[in-house]
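Novice: Handing you a structure now.
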Amino acid sequence: MKLGRVILPNDEYHVAAIEEQAVRVLDMSQVENCRRLSDILHAPDPIGLTKFLIDRQFAPVAIEEVRFLAPVDQQEIWAAGVTYKRSQQARMEESEEGASHYDRVYSADRPELFFKATPQRVVSPGEPVRVRADSDWSVPEPEFAIVLTPGMKVCGYTVGNDMSARDIEGENPLYLPQAKVYTGCCSIGPVITLGGSDLDLGSVSVRLQIARGGEQVFEGETTLDQLHRKLDELAGWLGRELDFPNGAILLTGTGIIPPDEFSLENGDHVAIEISNIGRLENPVIKG
Ligand code: DO4
Ligand code: MG
């Protein structure tokens, strides 16, 4: 079962269940205190509740007719780092000095976790993500994202793009917040697939495609069994000394990094596909 936030052709906003080819509008007024997408996500039985809320008076709308908004309402977006060998290696190479912290965090008990975006700062599917004007070496990071309840239980999955300025992070690790958090730095969506932490990670592939002037300039793929941490482990560390009354979305790190000579340019197009979970596409602007 997939859920999303959509704008219909008549400009109406709805929370909706997303089927293969059609979008089913939900009638949230049927349940008291059920107003937002996250009220469904955090309910004891999100699948049962979604089925109950489907508005049968409303004809299904074809999927290509709706515009998807980022499936986030009140949740902060956090990210885990150096959770794949590829990320550890690339970061050690890009660092001007003292790269051993990447090596150590990869195998340490405590993972790297950082704040990525407020919900208002998340870019919707199809809207532009940004490269900072003061970065000459930036990449998208295609990441499997877990949706967490206020009790830090995994209730769904989506696709995330953790845009990163490699030159700024490489110059000094203390610049990480500037390399990672800026206007247009994060896109999420298009939908949330309901599910728990028992997902068979080996069966899920993540693919990144970058196009420039209509030509593909980079393609990379990995599978989630390359993720060096368990989903519950990451969620547990995130919620250890911080409460999330509105739940949270946690990007679980990148396993795909383009070669060092590659940097995103103005006008590029980024597509991130996670099998059975979704395809997130955004144009890129620089500056
Ligand atoms: O250590 C810096 C950030 C790492 C990251 O974002 C990733 O591995 O995905
Ligand atoms: Mg990342």
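To be explicit about the labels: the chains of the structure tokens are called A, B, and onward in the order shown, and within each one the residues are counted from 1, while ligands get numbers from 1 in the order they are shown.
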Which residues form the shell of 6 Å around ligand 1 when you count only C-alpha atoms and all ligand atoms, given as a list in words?
Specialist: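 These are the residues that qualify: Gly81, Val82, Thr83, Ser87, Gly253 and Thr254 of chain A.
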Novice: Please, which residues in chain A fall within 9 Å of ligand 2 when counting only C-alpha atoms and all ligand atoms, and what is the closest atom pair and distance in Å to one decimal for each, ordered by chain then residue number, as CSV?
Specialist:
residue,atom,partner,partner_atom_place_in_ligand_line,distance
A:Ala79,CA,ligand 2,1 (Mg),6.5
A:Ala80,CA,ligand 2,1 (Mg),6.6
A:Gly81,CA,ligand 2,1 (Mg),5.4
A:Val82,CA,ligand 2,1 (Mg),7.6
A:Thr83,CA,ligand 2,1 (Mg),8.8
A:Ser87,CA,ligand 2,1 (Mg),8.2
A:Pro140,CA,ligand 2,1 (Mg),8.4
A:Glu141,CA,ligand 2,1 (Mg),5.4
A:Pro142,CA,ligand 2,1 (Mg),7.5
A:Glu143,CA,ligand 2,1 (Mg),6.9
A:Asn161,CA,ligand 2,1 (Mg),7.8
A:Asp162,CA,ligand 2,1 (Mg),5.1
A:Met163,CA,ligand 2,1 (Mg),7.4
A:Ser164,CA,ligand 2,1 (Mg),7.3
A:Lys180,CA,ligand 2,1 (Mg),8.3
A:Leu251,CA,ligand 2,1 (Mg),7.2
A:Thr252,CA,ligand 2,1 (Mg),7.3
A:Gly253,CA,ligand 2,1 (Mg),4.4
A:Thr254,CA,ligand 2,1 (Mg),5.0
A:Gly255,CA,ligand 2,1 (Mg),8.7
Novice: Could you dump the residues just selected with all heavy atoms as a short mmCIF file (atom, residue, chain, number, x, y, z; two decimals), in the first residue's frame?
Specialist:
data_model
loop_
_atom_site.label_atom_id
_atom_site.label_comp_id
_atom_site.auth_asym_id
_atom_site.auth_seq_id
_atom_site.Cartn_x
_atom_site.Cartn_y
_atom_site.Cartn_z
N ALA A 79 19.52 12.30 8.52
CA ALA A 79 20.24 11.42 7.60
C ALA A 79 21.35 10.69 8.35
O ALA A 79 21.93 11.23 9.29
CB ALA A 79 20.83 12.23 6.45
N ALA A 80 21.60 9.47 7.90
CA ALA A 80 22.74 8.69 8.41
C ALA A 80 23.84 8.78 7.37
O ALA A 80 23.58 8.95 6.18
CB ALA A 80 22.32 7.24 8.62
N GLY A 81 25.10 8.71 7.82
CA GLY A 81 26.21 8.81 6.87
C GLY A 81 27.20 7.68 7.03
O GLY A 81 27.26 7.03 8.08
N VAL A 82 27.93 7.42 5.96
CA VAL A 82 28.99 6.42 5.94
C VAL A 82 28.44 5.05 6.38
O VAL A 82 29.01 4.37 7.23
CB VAL A 82 30.21 6.87 6.80
CG1 VAL A 82 31.45 6.08 6.41
CG2 VAL A 82 30.49 8.35 6.62
N THR A 83 27.35 4.70 5.79
CA THR A 83 26.69 3.42 6.10
C THR A 83 26.95 2.38 5.00
O THR A 83 26.46 1.26 5.09
CB THR A 83 25.18 3.63 6.26
OG1 THR A 83 24.72 4.37 5.11
CG2 THR A 83 24.83 4.40 7.51
N SER A 87 30.66 4.89 0.39
CA SER A 87 30.63 6.23 0.96
C SER A 87 31.88 6.46 1.81
O SER A 87 32.51 7.52 1.76
CB SER A 87 29.36 6.41 1.79
OG SER A 87 29.33 7.67 2.40
N PRO A 140 24.28 14.33 -6.19
CA PRO A 140 23.08 13.86 -5.49
C PRO A 140 23.48 12.60 -4.72
O PRO A 140 24.37 11.87 -5.15
CB PRO A 140 22.12 13.50 -6.63
CG PRO A 140 23.02 13.15 -7.77
CD PRO A 140 24.31 13.87 -7.59
N GLU A 141 22.85 12.35 -3.58
CA GLU A 141 23.06 11.07 -2.89
C GLU A 141 21.71 10.35 -2.85
O GLU A 141 20.77 10.81 -2.19
CB GLU A 141 23.65 11.29 -1.50
CG GLU A 141 25.08 11.80 -1.58
CD GLU A 141 25.83 11.80 -0.26
OE1 GLU A 141 25.22 11.50 0.79
OE2 GLU A 141 27.04 12.10 -0.28
N PRO A 142 21.61 9.24 -3.60
CA PRO A 142 20.34 8.51 -3.68
C PRO A 142 20.18 7.63 -2.44
O PRO A 142 21.01 6.76 -2.21
CB PRO A 142 20.52 7.66 -4.94
CG PRO A 142 21.99 7.44 -5.04
CD PRO A 142 22.66 8.62 -4.41
N GLU A 143 19.16 7.87 -1.66
CA GLU A 143 19.09 7.17 -0.37
C GLU A 143 17.70 6.57 -0.09
O GLU A 143 16.68 7.23 -0.31
CB GLU A 143 19.52 8.12 0.76
CG GLU A 143 20.93 8.66 0.49
CD GLU A 143 21.61 9.32 1.67
OE1 GLU A 143 21.10 9.19 2.81
OE2 GLU A 143 22.68 9.93 1.45
N ASN A 161 16.85 12.21 -1.67
CA ASN A 161 18.07 12.72 -2.29
C ASN A 161 18.76 13.66 -1.31
O ASN A 161 18.25 14.73 -1.00
CB ASN A 161 17.71 13.47 -3.59
CG ASN A 161 18.95 14.03 -4.30
OD1 ASN A 161 20.06 13.98 -3.77
ND2 ASN A 161 18.74 14.54 -5.50
N ASP A 162 19.92 13.22 -0.81
CA ASP A 162 20.72 13.99 0.15
C ASP A 162 21.78 14.75 -0.64
O ASP A 162 22.94 14.33 -0.72
CB ASP A 162 21.35 12.99 1.15
CG ASP A 162 22.40 13.61 2.05
OD1 ASP A 162 22.34 14.82 2.27
OD2 ASP A 162 23.26 12.86 2.54
N MET A 163 21.38 15.87 -1.25
CA MET A 163 22.33 16.66 -2.07
C MET A 163 23.53 17.07 -1.21
O MET A 163 23.36 17.49 -0.06
CB MET A 163 21.63 17.91 -2.60
CG MET A 163 20.54 17.61 -3.61
SD MET A 163 21.19 17.16 -5.22
CE MET A 163 21.81 18.74 -5.78
N SER A 164 24.73 16.95 -1.79
CA SER A 164 25.94 17.14 -0.99
C SER A 164 27.01 17.90 -1.77
O SER A 164 27.27 17.58 -2.93
CB SER A 164 26.54 15.78 -0.62
OG SER A 164 25.62 15.05 0.14
N LYS A 180 25.75 20.06 3.55
CA LYS A 180 24.55 19.22 3.52
C LYS A 180 23.24 19.97 3.66
O LYS A 180 22.20 19.47 3.24
CB LYS A 180 24.62 18.22 4.69
CG LYS A 180 25.72 17.19 4.58
CD LYS A 180 25.38 16.19 3.52
CE LYS A 180 26.28 14.97 3.54
NZ LYS A 180 25.87 14.00 2.54
N LEU A 251 17.03 9.37 6.19
CA LEU A 251 17.73 8.90 5.00
C LEU A 251 18.86 7.99 5.48
O LEU A 251 19.60 8.37 6.42
CB LEU A 251 18.30 10.10 4.22
CG LEU A 251 17.36 10.83 3.25
CD1 LEU A 251 16.09 11.28 3.92
CD2 LEU A 251 18.05 12.02 2.60
N THR A 252 19.02 6.83 4.87
CA THR A 252 19.90 5.82 5.48
C THR A 252 21.31 5.79 4.88
O THR A 252 22.08 4.87 5.17
CB THR A 252 19.27 4.41 5.39
OG1 THR A 252 19.03 4.12 4.01
CG2 THR A 252 17.97 4.33 6.17
N GLY A 253 21.66 6.78 4.07
CA GLY A 253 23.03 6.86 3.55
C GLY A 253 23.10 6.43 2.09
O GLY A 253 22.21 5.75 1.58
N THR A 254 24.21 6.83 1.46
CA THR A 254 24.35 6.52 0.03
C THR A 254 25.35 5.39 -0.21
O THR A 254 26.40 5.33 0.44
CB THR A 254 24.78 7.76 -0.79
OG1 THR A 254 24.74 7.41 -2.17
CG2 THR A 254 26.17 8.28 -0.44
N GLY A 255 25.01 4.54 -1.15
CA GLY A 255 25.92 3.48 -1.59
C GLY A 255 26.38 3.75 -3.01
O GLY A 255 27.06 2.92 -3.61
#
Novice: Can you pull out every residue within 6 Å of Ala179 of chain A, counting only C-alpha atoms, but drop anything in the same chain fewer than 4 positions away, and send it as a list in words?
Specialist: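 The residues satisfying every condition are Ser164, Ala165, Ile168 and Glu169 of chain A.
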Novice: Could the residues of segment 198-269 of chain A that have an atom at most 7 Å from segment 58-75 of chain A be listed as JSON lines, each with its closest atom pair and the distance in Å to one decimal, counting only C-alpha atoms and ordered by chain and ascending residue number?
Specialist:
{"residue": "A:Asn246", "atom": "CA", "partner": "A:Gln75", "partner_atom": "CA", "distance": 5.5}
{"residue": "A:Gly247", "atom": "CA", "partner": "A:Gln75", "partner_atom": "CA", "distance": 5.5}
{"residue": "A:Ala248", "atom": "CA", "partner": "A:Gln75", "partner_atom": "CA", "distance": 4.6}
{"residue": "A:Ile249", "atom": "CA", "partner": "A:Gln75", "partner_atom": "CA", "distance": 6.4}
Novice: Keeping only N, CA, C and O atoms, take the residues you just selected and write them out as a PDB file, in the first residue's frame.
Specialist:
ATOM      1  N   ASN A 246       6.371  14.310  16.258  1.00  0.00           N
ATOM      2  CA  ASN A 246       5.732  14.237  14.930  1.00  0.00           C
ATOM      3  C   ASN A 246       6.311  13.130  14.066  1.00  0.00           C
ATOM      4  O   ASN A 246       6.071  13.105  12.852  1.00  0.00           O
ATOM      5  N   GLY A 247       7.095  12.239  14.649  1.00  0.00           N
ATOM      6  CA  GLY A 247       7.773  11.231  13.845  1.00  0.00           C
ATOM      7  C   GLY A 247       8.950  11.862  13.119  1.00  0.00           C
ATOM      8  O   GLY A 247       9.281  13.041  13.329  1.00  0.00           O
ATOM      9  N   ALA A 248       9.595  11.091  12.269  1.00  0.00           N
ATOM     10  CA  ALA A 248      10.770  11.601  11.544  1.00  0.00           C
ATOM     11  C   ALA A 248      10.937  10.799  10.264  1.00  0.00           C
ATOM     12  O   ALA A 248      10.345   9.727  10.105  1.00  0.00           O
ATOM     13  N   ILE A 249      11.731  11.366   9.365  1.00  0.00           N
ATOM     14  CA  ILE A 249      12.145  10.607   8.180  1.00  0.00           C
ATOM     15  C   ILE A 249      13.665  10.550   8.226  1.00  0.00           C
ATOM     16  O   ILE A 249      14.326  11.567   8.459  1.00  0.00           O
TER      17      ILE A 249
END
Novice: Between A:Asn276, A:Leu250, A:Asp45, A:Asp136, single out the one closest to Asp200 of chain A, counting only C-alpha atoms.
Specialist: A:Asn276
Novice: Got a sec to tell me which of segment 31-132 of chain A DSSP assigns to helix (DSSP H, G or I), as a PyMOL selection string?
Specialist: chain A and resi 37-41+46-53+63-65+85-94+100-107+119-121
Novice: Within 10 Å of Asn172 of chain A, counting only C-alpha atoms, which residues qualify if same-chain residues fewer than 2 places away don't, as a list in words?
Specialist: Ser95, Glu96, Glu97, Gly98, Ala99, Asp167, Ile168, Glu169, Gly170, Leu174, Tyr175, Leu176 and Ala179 of chain A
Novice: Just the selected residues (N, CA, C and O atoms), exported as a PDB file, in the first residue's frame, please.
Specialist:
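The file below, part.pdb, is the result:
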ATOM      1  N   SER A  95      38.756  13.921   1.422  1.00  0.00           N
ATOM      2  CA  SER A  95      39.147  14.745   2.567  1.00  0.00           C
ATOM      3  C   SER A  95      40.551  15.281   2.402  1.00  0.00           C
ATOM      4  O   SER A  95      41.468  14.522   2.056  1.00  0.00           O
ATOM      5  N   GLU A  96      40.723  16.549   2.694  1.00  0.00           N
ATOM      6  CA  GLU A  96      42.059  17.135   2.560  1.00  0.00           C
ATOM      7  C   GLU A  96      43.002  16.600   3.631  1.00  0.00           C
ATOM      8  O   GLU A  96      44.181  16.494   3.433  1.00  0.00           O
ATOM      9  N   GLU A  97      42.463  16.318   4.804  1.00  0.00           N
ATOM     10  CA  GLU A  97      43.298  15.763   5.874  1.00  0.00           C
ATOM     11  C   GLU A  97      42.409  15.034   6.882  1.00  0.00           C
ATOM     12  O   GLU A  97      41.199  15.205   6.869  1.00  0.00           O
ATOM     13  N   GLY A  98      43.045  14.224   7.718  1.00  0.00           N
ATOM     14  CA  GLY A  98      42.317  13.605   8.830  1.00  0.00           C
ATOM     15  C   GLY A  98      41.128  12.763   8.415  1.00  0.00           C
ATOM     16  O   GLY A  98      40.056  12.864   8.994  1.00  0.00           O
ATOM     17  N   ALA A  99      41.302  11.922   7.366  1.00  0.00           N
ATOM     18  CA  ALA A  99      40.173  11.155   6.841  1.00  0.00           C
ATOM     19  C   ALA A  99      39.788   9.980   7.727  1.00  0.00           C
ATOM     20  O   ALA A  99      38.781   9.320   7.478  1.00  0.00           O
ATOM     21  N   ASP A 167      33.156  19.297  -2.170  1.00  0.00           N
ATOM     22  CA  ASP A 167      34.336  20.151  -1.937  1.00  0.00           C
ATOM     23  C   ASP A 167      34.262  20.802  -0.559  1.00  0.00           C
ATOM     24  O   ASP A 167      35.268  20.918   0.143  1.00  0.00           O
ATOM     25  N   ILE A 168      33.054  21.193  -0.133  1.00  0.00           N
ATOM     26  CA  ILE A 168      32.938  21.878   1.167  1.00  0.00           C
ATOM     27  C   ILE A 168      33.164  20.876   2.309  1.00  0.00           C
ATOM     28  O   ILE A 168      33.912  21.133   3.242  1.00  0.00           O
ATOM     29  N   GLU A 169      32.563  19.699   2.190  1.00  0.00           N
ATOM     30  CA  GLU A 169      32.784  18.669   3.213  1.00  0.00           C
ATOM     31  C   GLU A 169      34.251  18.234   3.221  1.00  0.00           C
ATOM     32  O   GLU A 169      34.847  18.027   4.293  1.00  0.00           O
ATOM     33  N   GLY A 170      34.863  18.106   2.016  1.00  0.00           N
ATOM     34  CA  GLY A 170      36.246  17.625   1.915  1.00  0.00           C
ATOM     35  C   GLY A 170      37.255  18.607   2.493  1.00  0.00           C
ATOM     36  O   GLY A 170      38.297  18.207   3.003  1.00  0.00           O
ATOM     37  N   LEU A 174      34.203  19.848   9.685  1.00  0.00           N
ATOM     38  CA  LEU A 174      33.329  20.726  10.480  1.00  0.00           C
ATOM     39  C   LEU A 174      32.416  21.563   9.585  1.00  0.00           C
ATOM     40  O   LEU A 174      31.480  22.202  10.065  1.00  0.00           O
ATOM     41  N   TYR A 175      32.684  21.529   8.270  1.00  0.00           N
ATOM     42  CA  TYR A 175      31.792  22.237   7.342  1.00  0.00           C
ATOM     43  C   TYR A 175      30.617  21.355   6.905  1.00  0.00           C
ATOM     44  O   TYR A 175      29.844  21.755   6.032  1.00  0.00           O
ATOM     45  N   LEU A 176      30.497  20.159   7.488  1.00  0.00           N
ATOM     46  CA  LEU A 176      29.438  19.238   7.048  1.00  0.00           C
ATOM     47  C   LEU A 176      28.047  19.885   6.999  1.00  0.00           C
ATOM     48  O   LEU A 176      27.332  19.731   6.008  1.00  0.00           O
ATOM     49  N   ALA A 179      27.797  21.760   3.877  1.00  0.00           N
ATOM     50  CA  ALA A 179      27.839  20.898   2.691  1.00  0.00           C
ATOM     51  C   ALA A 179      26.503  20.198   2.469  1.00  0.00           C
ATOM     52  O   ALA A 179      26.161  19.818   1.353  1.00  0.00           O
TER      53      ALA A 179
END
Novice: Which residue, A:Ile77, A:Cys34, A:Ile146, A:Val191, has the smallest gap to Leu231 of chain A when you use only C-alpha atoms?
Specialist: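 With only C-alpha atoms as the atom set, the closest residue is A:Ile146.
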Novice: Choose the residue, out of A:Gln178, A:Thr149, A:Gln30, A:Thr158, that has the smallest atom-to-atom separation from Gly239 of chain A; count only C-alpha atoms.
Specialist: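 Of A:Gln178, A:Thr149, A:Gln30, A:Thr158, the one nearest Gly239 of chain A, counting only C-alpha atoms, is A:Thr149.
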Novice: Distance table requested - segment 173-219 of chain A against segment 111-129 of chain A, cut-off 7 Å, only C-alpha atoms: one row per qualifying residue with the closest atom pair and its distance in Å to one decimal, ordered by chain and rising residue number, as a tab-separated table.
Specialist:
residue	atom	partner	partner_atom	distance
A:Lys180	CA	A:Lys116	CA	6.7
A:Val181	CA	A:Lys116	CA	5.8
A:Thr183	CA	A:Arg121	CA	6.8
A:Gly184	CA	A:Val129	CA	4.7
A:Cys185	CA	A:Val129	CA	6.1
A:Cys186	CA	A:Val122	CA	5.5
A:Ser187	CA	A:Val123	CA	4.5
A:Ile188	CA	A:Ser124	CA	6.5
A:Gly189	CA	A:Pro125	CA	6.2
A:Pro190	CA	A:Pro125	CA	5.8
Novice: Pull N, CA and C atoms from the residues just selected and write them as a PDB file, in the first residue's frame.
Specialist:
ATOM      1  N   LYS A 180      25.747  20.056   3.552  1.00  0.00           N
ATOM      2  CA  LYS A 180      24.547  19.215   3.519  1.00  0.00           C
ATOM      3  C   LYS A 180      23.237  19.967   3.657  1.00  0.00           C
ATOM      4  N   VAL A 181      23.258  21.102   4.333  1.00  0.00           N
ATOM      5  CA  VAL A 181      21.989  21.777   4.664  1.00  0.00           C
ATOM      6  C   VAL A 181      21.991  23.175   4.062  1.00  0.00           C
ATOM      7  N   THR A 183      19.307  25.726   1.073  1.00  0.00           N
ATOM      8  CA  THR A 183      18.027  25.756   0.348  1.00  0.00           C
ATOM      9  C   THR A 183      18.085  24.805  -0.854  1.00  0.00           C
ATOM     10  N   GLY A 184      17.093  23.936  -0.954  1.00  0.00           N
ATOM     11  CA  GLY A 184      17.024  23.006  -2.091  1.00  0.00           C
ATOM     12  C   GLY A 184      17.921  21.792  -1.951  1.00  0.00           C
ATOM     13  N   CYS A 185      18.316  21.445  -0.709  1.00  0.00           N
ATOM     14  CA  CYS A 185      19.313  20.367  -0.506  1.00  0.00           C
ATOM     15  C   CYS A 185      18.703  18.973  -0.384  1.00  0.00           C
ATOM     16  N   CYS A 186      17.385  18.885  -0.356  1.00  0.00           N
ATOM     17  CA  CYS A 186      16.801  17.565  -0.059  1.00  0.00           C
ATOM     18  C   CYS A 186      15.465  17.398  -0.778  1.00  0.00           C
ATOM     19  N   SER A 187      15.337  16.296  -1.479  1.00  0.00           N
ATOM     20  CA  SER A 187      14.031  15.968  -2.061  1.00  0.00           C
ATOM     21  C   SER A 187      13.609  14.590  -1.553  1.00  0.00           C
ATOM     22  N   ILE A 188      12.303  14.412  -1.418  1.00  0.00           N
ATOM     23  CA  ILE A 188      11.757  13.159  -0.874  1.00  0.00           C
ATOM     24  C   ILE A 188      10.518  12.815  -1.684  1.00  0.00           C
ATOM     25  N   GLY A 189      10.312  11.510  -1.928  1.00  0.00           N
ATOM     26  CA  GLY A 189       9.032  11.108  -2.521  1.00  0.00           C
ATOM     27  C   GLY A 189       9.213  10.115  -3.662  1.00  0.00           C
ATOM     28  N   PRO A 190       8.243   9.954  -4.541  1.00  0.00           N
ATOM     29  CA  PRO A 190       6.975  10.688  -4.530  1.00  0.00           C
ATOM     30  C   PRO A 190       5.947  10.140  -3.535  1.00  0.00           C
TER      31      PRO A 190
END
Novice: Using only C-alpha atoms, which of A:Glu94, A:Glu273, A:Asp260, A:Glu12 sits nearest Gly220 of chain A?
Specialist: A:Glu273
